[in-house]
Amino acid sequence: MGKTLAEKILSVKSGTDARAGNLVVSQVDLVFLQDTTGPLTVRQFEAAGFQRLANPKKTVLFLDHAAPSPNSELANDHQFLRQFAQKSGAIITEVGDGICHQLVNETLSRPGDVIVGADSHTVTAGGVGAFATGMGSTDIAVAMGLGKTWFRVPETIRVIANGQFSPGVYAKDLVLHLIGKIGAEGASYRALEFGGDTITNMSVAGRLTIANMAIEAGAKVGLFPSDKTTKAFLKSMGREKDYLPLSPDDDATYQETITVDTPHLEPTVSRPHTVDNTALAKELKGTKVQQVFIGTCTNGRIEDLAIAASLLRGRKRHPNTRLIIAPGSREIMLAAMKAGYIQIFLQAGGLVLPPGCGPCLGLHQGALARGEVCLSTANRNFKGRMGNPESFIYLASPATAAGTAIRGEITDPREVI
Amino acid sequence: MLKGQAFKFGDDVSTDLIVPGRLAHPRSNLPELAKHVLEDADPTFASRVKPGDFIVAGKNFGQGSSREHAPLVIKIAGVSAILARSVARIFFRNAINQGLPVLICDTSRIANGDELTIDLNKGLITDNTNHQELSFNPIPGVMLKILDEGGLIPYIQKHGDLKFDAEAGEKL
């Protein structure tokens with residue numbers, strides 16, 4: 001009997017014939033944490049009595065959520081993590097290097113890896129074919145100490161998307177549509193596995209956007225096959241040697257198959273306060289927006305900035321709408337400068353933040369006021385997410401975000417292309 | 001035997017509602033953070049909850065961010081168990097790792113303020129206010145082993161490794 005991608009990877013990494021429903025103890029190829037979950041992780045690591053990291057060169061500490069530190073408490077947390085990296089030999093990134101999930105996929109993730117991170121959007125690396133999942137601080141502390149963790153091998157929901165995107169419609173619209181269809185718990189405890197010719201023809205950037213949001217349907221992982229597109233991506237990052245072809249068996253067993261008719265997708269938006277509360281952008285016309293945010297681990301890649309720049313070129317943001325852009329990493333910021341995107345954003349009246357998580361999680365760099373509306377390219381619109389429980393967050397693609405910044409109200413980007 | 005009062009919450013309570021990102025700065029000062037537990041869902045909860053009390057929620061409790069501070073401050077606030085119709089995956093592991101039981105049951109049968117008694121071994125919840133009994137889903141075998149030790153850190157301190165066998169797997 002054939003295996004899904006999740007079963008294949010966990011079989012190799014656990015040394016067992018891993019089947020959905022089994023408990024496995026799996027080797028971990030990469031373990032990481034970030035600055036808001038990391039200090040607790042380190043304290044749990046020490047409390048457990050671990051003397052050393054199982055694999056220091058595959059343990060990474062990212063300073064990205066509060067980068068640079070907005071106050072003394074978080075500065076102290078950064079200092080604590082730097083000191084731990086110094087004594088343990090773990091790799092640490094510095095403020096301004098970029099978002100953990102972006103850097104993981106630029107530099108470290110490999111098809112077939114098992115990756116665990118103290119951040120729920122660790123699932124992003126499913127876009128290159130890694131079994132990657134988010135965990136809490138204690139699970140990550142134990143994975144750091146033992147080099148392994150336990151999993152229940154997930155059942156898999158297969159998502160088959162066929163056909164080409166219409167102009168103005170992107171991977172983000174596909175994943176928002178999917179979550180709207182199956183709900184915030186629609187894939188709870190299970191794997192989402194993507195296939196079909198839309199996926200075959202999709203860039204790794206698009207795959208990472210979709211994988212990133214698998215958790216918003218409750219999924220343990222959002223897995224993509226590793227193919228020639230993956231190989232080209234890894235080569236472009238200077239690590240072609242990390243390539244491993246990977247696909248599910250033809251006779252794998254799926255709990256369910258969902259089909260997506262890609263040509264019929266339209267610009268899609270999640271409304272407050274849950275990601276599965278979706279509507280079409282055109283249905284929300286007239287919704288005034290005070291802040292647009294383009295960036296995050298979902299849509300802070302150079303491809304996303306290119307789309308936003310193409311719409312904002314020679315235009316101005318609406319006078320009542322602030323425009324905030326945060327490139328996902330230093331490399332992306334450099335590429336955006338080289339391509340002239342940063343200039344376009346600034347000339348459009350936008351504000352460009354240093355690479356990092358920006359205002360996504362309400363910690364700094366763009367908290368919302370009472371009653372304000374933000375349209376963001378992030379992955380979460382929960383009540384209070386952007387620093388104020390009395391504000392309202394809509395989620396959409398970079399194109400919809402750019403169109404909305406220009407018009408000052410939620411805008412179907414096809415109206416401004 | 002656990003005994004306390006039910007504090008009811010709705011569906012889809014996210015970890016952002018339990019410990020919002022705007023309160024990231026006291027995450028290394030847990031007693032301070034615990035004063036704000038669930039503040040954005042119910043501003044009076046932290047001042048009213050007493051040791052032993054229960055959170056009784058709808059579906060998908062703890063969705064979103066993996067921040068383990070969420071179950072941790074719920075525990076510090078004195079809550080002895082979380083009852084929910086369903087619970088998000090990462091939160092479930094985090095709560096068990098912190099030694100905080102999460103019980104999946106039909107919470108629509110419990111009203112806000114009801115006095116509950118819970119027998120974890122018998123799998124039985126008694127609502128002493130409406131005189132009903134209800135059962136909860138068995139906690140998966142491997143999680144029960146962690147819970148029995150008081151959480152994953154005490155488990156590792158005792159066993160030094162993840163000692164789960166195929167038998168535990170079958171129980172999942």
# chains A, B, ... in the order shown; residues from 1 in each chain; ligands from 1
call {"tool": "interface_residues", "arguments": {"of": "chain B", "to": "chain A", "cutoff": "8 Å", "atoms": "only C-alpha atoms", "output": "NGL selection string"}}
result
:B and (14 or 16-17 or 20-28 or 40 or 60 or 63-68 or 88-91 or 93-94 or 97 or 152-154 or 156-157 or 161-162 or 164 or 166 or 168-170 or 172)
call {"tool": "select_by_dssp", "arguments": {"residues": "range 45-218 of chain A", "states": "helix (DSSP H, G or I)", "output": "PyMOL selection string"}}
result
chain A and resi 45-47+56-58+72-88+100-107+120-128+137-146+171-182+197-200+204-212+214-217
call {"tool": "atom_distance", "arguments": {"atom1": "CA of Gly99 in chain B", "atom2": "CA of Lys75 in chain B"}}
result
8.6 Å
call {"tool": "select_by_dssp", "arguments": {"residues": "range 10-241 of chain A", "states": "strand (DSSP E)", "output": "PyMOL selection string"}}
result
chain A and resi 23-27+30-34+59-62+91-92+114-117+131-134+148-152+156-162+191-195+221-223
call {"tool": "write_last_selection", "arguments": {"atoms": "C-alpha atoms", "output": "short mmCIF file (atom, residue, chain, number, x, y, z; two decimals), in the first residue's frame"}}
result
data_model
loop_
_atom_site.label_atom_id
_atom_site.label_comp_id
_atom_site.auth_asym_id
_atom_site.auth_seq_id
_atom_site.Cartn_x
_atom_site.Cartn_y
_atom_site.Cartn_z
CA LEU A 23 2.84 7.03 17.05
CA VAL A 24 6.42 7.61 15.95
CA VAL A 25 9.51 9.05 17.54
CA SER A 26 11.20 10.90 14.70
CA GLN A 27 14.64 12.33 14.16
CA LEU A 30 16.31 21.27 12.15
CA VAL A 31 14.94 22.85 15.31
CA PHE A 32 14.41 26.55 15.82
CA LEU A 33 12.84 29.19 18.00
CA GLN A 34 12.21 32.92 17.86
CA THR A 59 19.58 24.58 16.19
CA VAL A 60 18.75 28.15 15.26
CA LEU A 61 17.61 31.14 17.33
CA PHE A 62 15.92 33.90 15.32
CA ILE A 91 23.26 29.49 15.42
CA ILE A 92 21.66 32.89 16.09
CA VAL A 114 11.60 16.96 9.64
CA ILE A 115 11.65 20.52 10.95
CA VAL A 116 10.16 21.72 14.23
CA GLY A 117 10.00 25.32 15.36
CA PHE A 131 7.58 17.83 7.18
CA ALA A 132 7.64 21.07 9.15
CA THR A 133 5.42 21.88 12.09
CA GLY A 134 5.08 24.35 14.92
CA LYS A 148 13.99 13.92 18.21
CA THR A 149 10.33 14.34 18.99
CA TRP A 150 7.12 12.33 18.92
CA PHE A 151 4.33 12.58 16.37
CA ARG A 152 1.07 10.93 15.67
CA THR A 156 -3.88 13.37 4.88
CA ILE A 157 -6.35 15.55 3.04
CA ARG A 158 -5.31 15.83 -0.60
CA VAL A 159 -5.95 19.17 -2.29
CA ILE A 160 -5.88 19.01 -6.06
CA ALA A 161 -5.79 22.36 -7.86
CA ASN A 162 -5.96 22.42 -11.63
CA ALA A 191 -1.80 16.88 6.89
CA LEU A 192 -2.76 18.91 3.86
CA GLU A 193 -1.00 17.67 0.73
CA PHE A 194 -1.14 19.73 -2.45
CA GLY A 195 -1.09 18.52 -6.04
CA VAL A 221 1.72 20.21 7.97
CA GLY A 222 1.01 21.60 4.50
CA LEU A 223 3.10 19.46 2.18
#
call {"tool": "decode", "arguments": {"residues": "range 293-343 of chain A", "atoms": "N, CA and C atoms", "output": "short mmCIF file (atom, residue, chain, number, x, y, z; two decimals), in the first residue's frame"}}
result
data_model
loop_
_atom_site.label_atom_id
_atom_site.label_comp_id
_atom_site.auth_asym_id
_atom_site.auth_seq_id
_atom_site.Cartn_x
_atom_site.Cartn_y
_atom_site.Cartn_z
N PHE A 293 -0.98 46.70 5.33
CA PHE A 293 0.33 46.13 5.68
C PHE A 293 0.69 45.03 4.68
N ILE A 294 1.84 45.20 4.04
CA ILE A 294 2.34 44.19 3.09
C ILE A 294 3.64 43.62 3.63
N GLY A 295 3.66 42.33 3.86
CA GLY A 295 4.86 41.68 4.39
C GLY A 295 4.49 40.37 5.05
N THR A 296 5.26 39.95 6.02
CA THR A 296 5.11 38.76 6.87
C THR A 296 5.63 37.48 6.21
N CYS A 297 5.63 36.40 7.00
CA CYS A 297 6.08 35.10 6.52
C CYS A 297 5.13 34.55 5.45
N THR A 298 3.94 35.13 5.34
CA THR A 298 3.00 34.69 4.31
C THR A 298 3.30 35.34 2.97
N ASN A 299 3.50 36.66 2.99
CA ASN A 299 3.61 37.41 1.73
C ASN A 299 4.66 38.52 1.80
N GLY A 300 5.82 38.21 2.35
CA GLY A 300 6.88 39.23 2.41
C GLY A 300 8.04 38.91 1.48
N ARG A 301 7.77 38.08 0.47
CA ARG A 301 8.85 37.67 -0.44
C ARG A 301 8.98 38.64 -1.61
N ILE A 302 10.07 38.51 -2.35
CA ILE A 302 10.34 39.45 -3.43
C ILE A 302 9.24 39.39 -4.49
N GLU A 303 8.68 38.20 -4.72
CA GLU A 303 7.59 38.06 -5.69
C GLU A 303 6.38 38.88 -5.25
N ASP A 304 6.15 38.90 -3.93
CA ASP A 304 5.01 39.66 -3.38
C ASP A 304 5.25 41.16 -3.52
N LEU A 305 6.48 41.58 -3.21
CA LEU A 305 6.80 43.01 -3.32
C LEU A 305 6.75 43.45 -4.78
N ALA A 306 7.11 42.56 -5.69
CA ALA A 306 7.06 42.88 -7.12
C ALA A 306 5.62 43.15 -7.56
N ILE A 307 4.70 42.32 -7.07
CA ILE A 307 3.28 42.50 -7.42
C ILE A 307 2.78 43.84 -6.87
N ALA A 308 3.10 44.10 -5.59
CA ALA A 308 2.65 45.36 -4.98
C ALA A 308 3.25 46.55 -5.72
N ALA A 309 4.53 46.45 -6.07
CA ALA A 309 5.21 47.57 -6.74
C ALA A 309 4.60 47.81 -8.13
N SER A 310 4.22 46.73 -8.79
CA SER A 310 3.66 46.91 -10.14
C SER A 310 2.35 47.71 -10.10
N LEU A 311 1.61 47.57 -9.00
CA LEU A 311 0.36 48.33 -8.87
C LEU A 311 0.59 49.74 -8.33
N LEU A 312 1.61 49.89 -7.50
CA LEU A 312 1.83 51.19 -6.84
C LEU A 312 2.73 52.12 -7.65
N ARG A 313 3.36 51.59 -8.67
CA ARG A 313 4.28 52.39 -9.48
C ARG A 313 3.58 53.65 -10.02
N GLY A 314 4.12 54.81 -9.67
CA GLY A 314 3.57 56.07 -10.17
C GLY A 314 2.25 56.48 -9.53
N ARG A 315 1.84 55.73 -8.51
CA ARG A 315 0.58 56.08 -7.84
C ARG A 315 0.85 56.47 -6.40
N LYS A 316 -0.16 57.00 -5.75
CA LYS A 316 -0.06 57.40 -4.34
C LYS A 316 -1.07 56.60 -3.52
N ARG A 317 -0.68 56.36 -2.28
CA ARG A 317 -1.66 55.77 -1.36
C ARG A 317 -2.79 56.76 -1.16
N HIS A 318 -3.96 56.26 -0.79
CA HIS A 318 -5.09 57.13 -0.46
C HIS A 318 -4.70 57.97 0.76
N PRO A 319 -5.08 59.25 0.80
CA PRO A 319 -4.64 60.09 1.92
C PRO A 319 -5.08 59.60 3.30
N ASN A 320 -6.15 58.82 3.37
CA ASN A 320 -6.62 58.33 4.67
C ASN A 320 -6.12 56.92 5.00
N THR A 321 -5.21 56.42 4.18
CA THR A 321 -4.76 55.03 4.36
C THR A 321 -3.24 54.97 4.48
N ARG A 322 -2.77 54.54 5.63
CA ARG A 322 -1.33 54.37 5.84
C ARG A 322 -0.89 53.10 5.11
N LEU A 323 0.32 53.13 4.57
CA LEU A 323 0.84 51.96 3.85
C LEU A 323 2.17 51.55 4.46
N ILE A 324 2.21 50.35 5.02
CA ILE A 324 3.41 49.85 5.70
C ILE A 324 3.88 48.58 4.98
N ILE A 325 5.16 48.56 4.67
CA ILE A 325 5.73 47.40 3.96
C ILE A 325 6.94 46.88 4.75
N ALA A 326 6.99 45.57 4.95
CA ALA A 326 8.14 44.97 5.63
C ALA A 326 8.66 43.80 4.81
N PRO A 327 9.82 43.94 4.17
CA PRO A 327 10.40 42.80 3.44
C PRO A 327 10.70 41.66 4.41
N GLY A 328 10.57 40.42 3.92
CA GLY A 328 10.73 39.25 4.79
C GLY A 328 12.15 38.99 5.26
N SER A 329 13.13 39.48 4.52
CA SER A 329 14.52 39.23 4.92
C SER A 329 15.43 40.31 4.35
N ARG A 330 16.67 40.31 4.83
CA ARG A 330 17.67 41.24 4.32
C ARG A 330 17.88 41.04 2.82
N GLU A 331 17.95 39.78 2.38
CA GLU A 331 18.15 39.50 0.96
C GLU A 331 16.99 40.05 0.13
N ILE A 332 15.78 39.93 0.66
CA ILE A 332 14.61 40.44 -0.06
C ILE A 332 14.66 41.97 -0.11
N MET A 333 15.06 42.58 0.99
CA MET A 333 15.17 44.04 1.01
C MET A 333 16.20 44.51 -0.02
N LEU A 334 17.32 43.81 -0.07
CA LEU A 334 18.37 44.18 -1.04
C LEU A 334 17.85 44.02 -2.48
N ALA A 335 17.16 42.91 -2.72
CA ALA A 335 16.63 42.67 -4.07
C ALA A 335 15.58 43.72 -4.42
N ALA A 336 14.77 44.10 -3.42
CA ALA A 336 13.72 45.11 -3.66
C ALA A 336 14.34 46.48 -3.93
N MET A 337 15.45 46.76 -3.29
CA MET A 337 16.16 48.02 -3.55
C MET A 337 16.71 48.03 -4.97
N LYS A 338 17.32 46.90 -5.32
CA LYS A 338 17.93 46.78 -6.64
C LYS A 338 16.89 46.91 -7.76
N ALA A 339 15.72 46.34 -7.51
CA ALA A 339 14.66 46.36 -8.52
C ALA A 339 13.89 47.68 -8.53
N GLY A 340 14.18 48.56 -7.56
CA GLY A 340 13.49 49.85 -7.50
C GLY A 340 12.16 49.83 -6.76
N TYR A 341 11.84 48.70 -6.14
CA TYR A 341 10.54 48.60 -5.46
C TYR A 341 10.47 49.51 -4.24
N ILE A 342 11.57 49.59 -3.51
CA ILE A 342 11.56 50.40 -2.28
C ILE A 342 11.27 51.86 -2.64
N GLN A 343 11.90 52.31 -3.72
CA GLN A 343 11.66 53.67 -4.19
C GLN A 343 10.19 53.88 -4.56
#
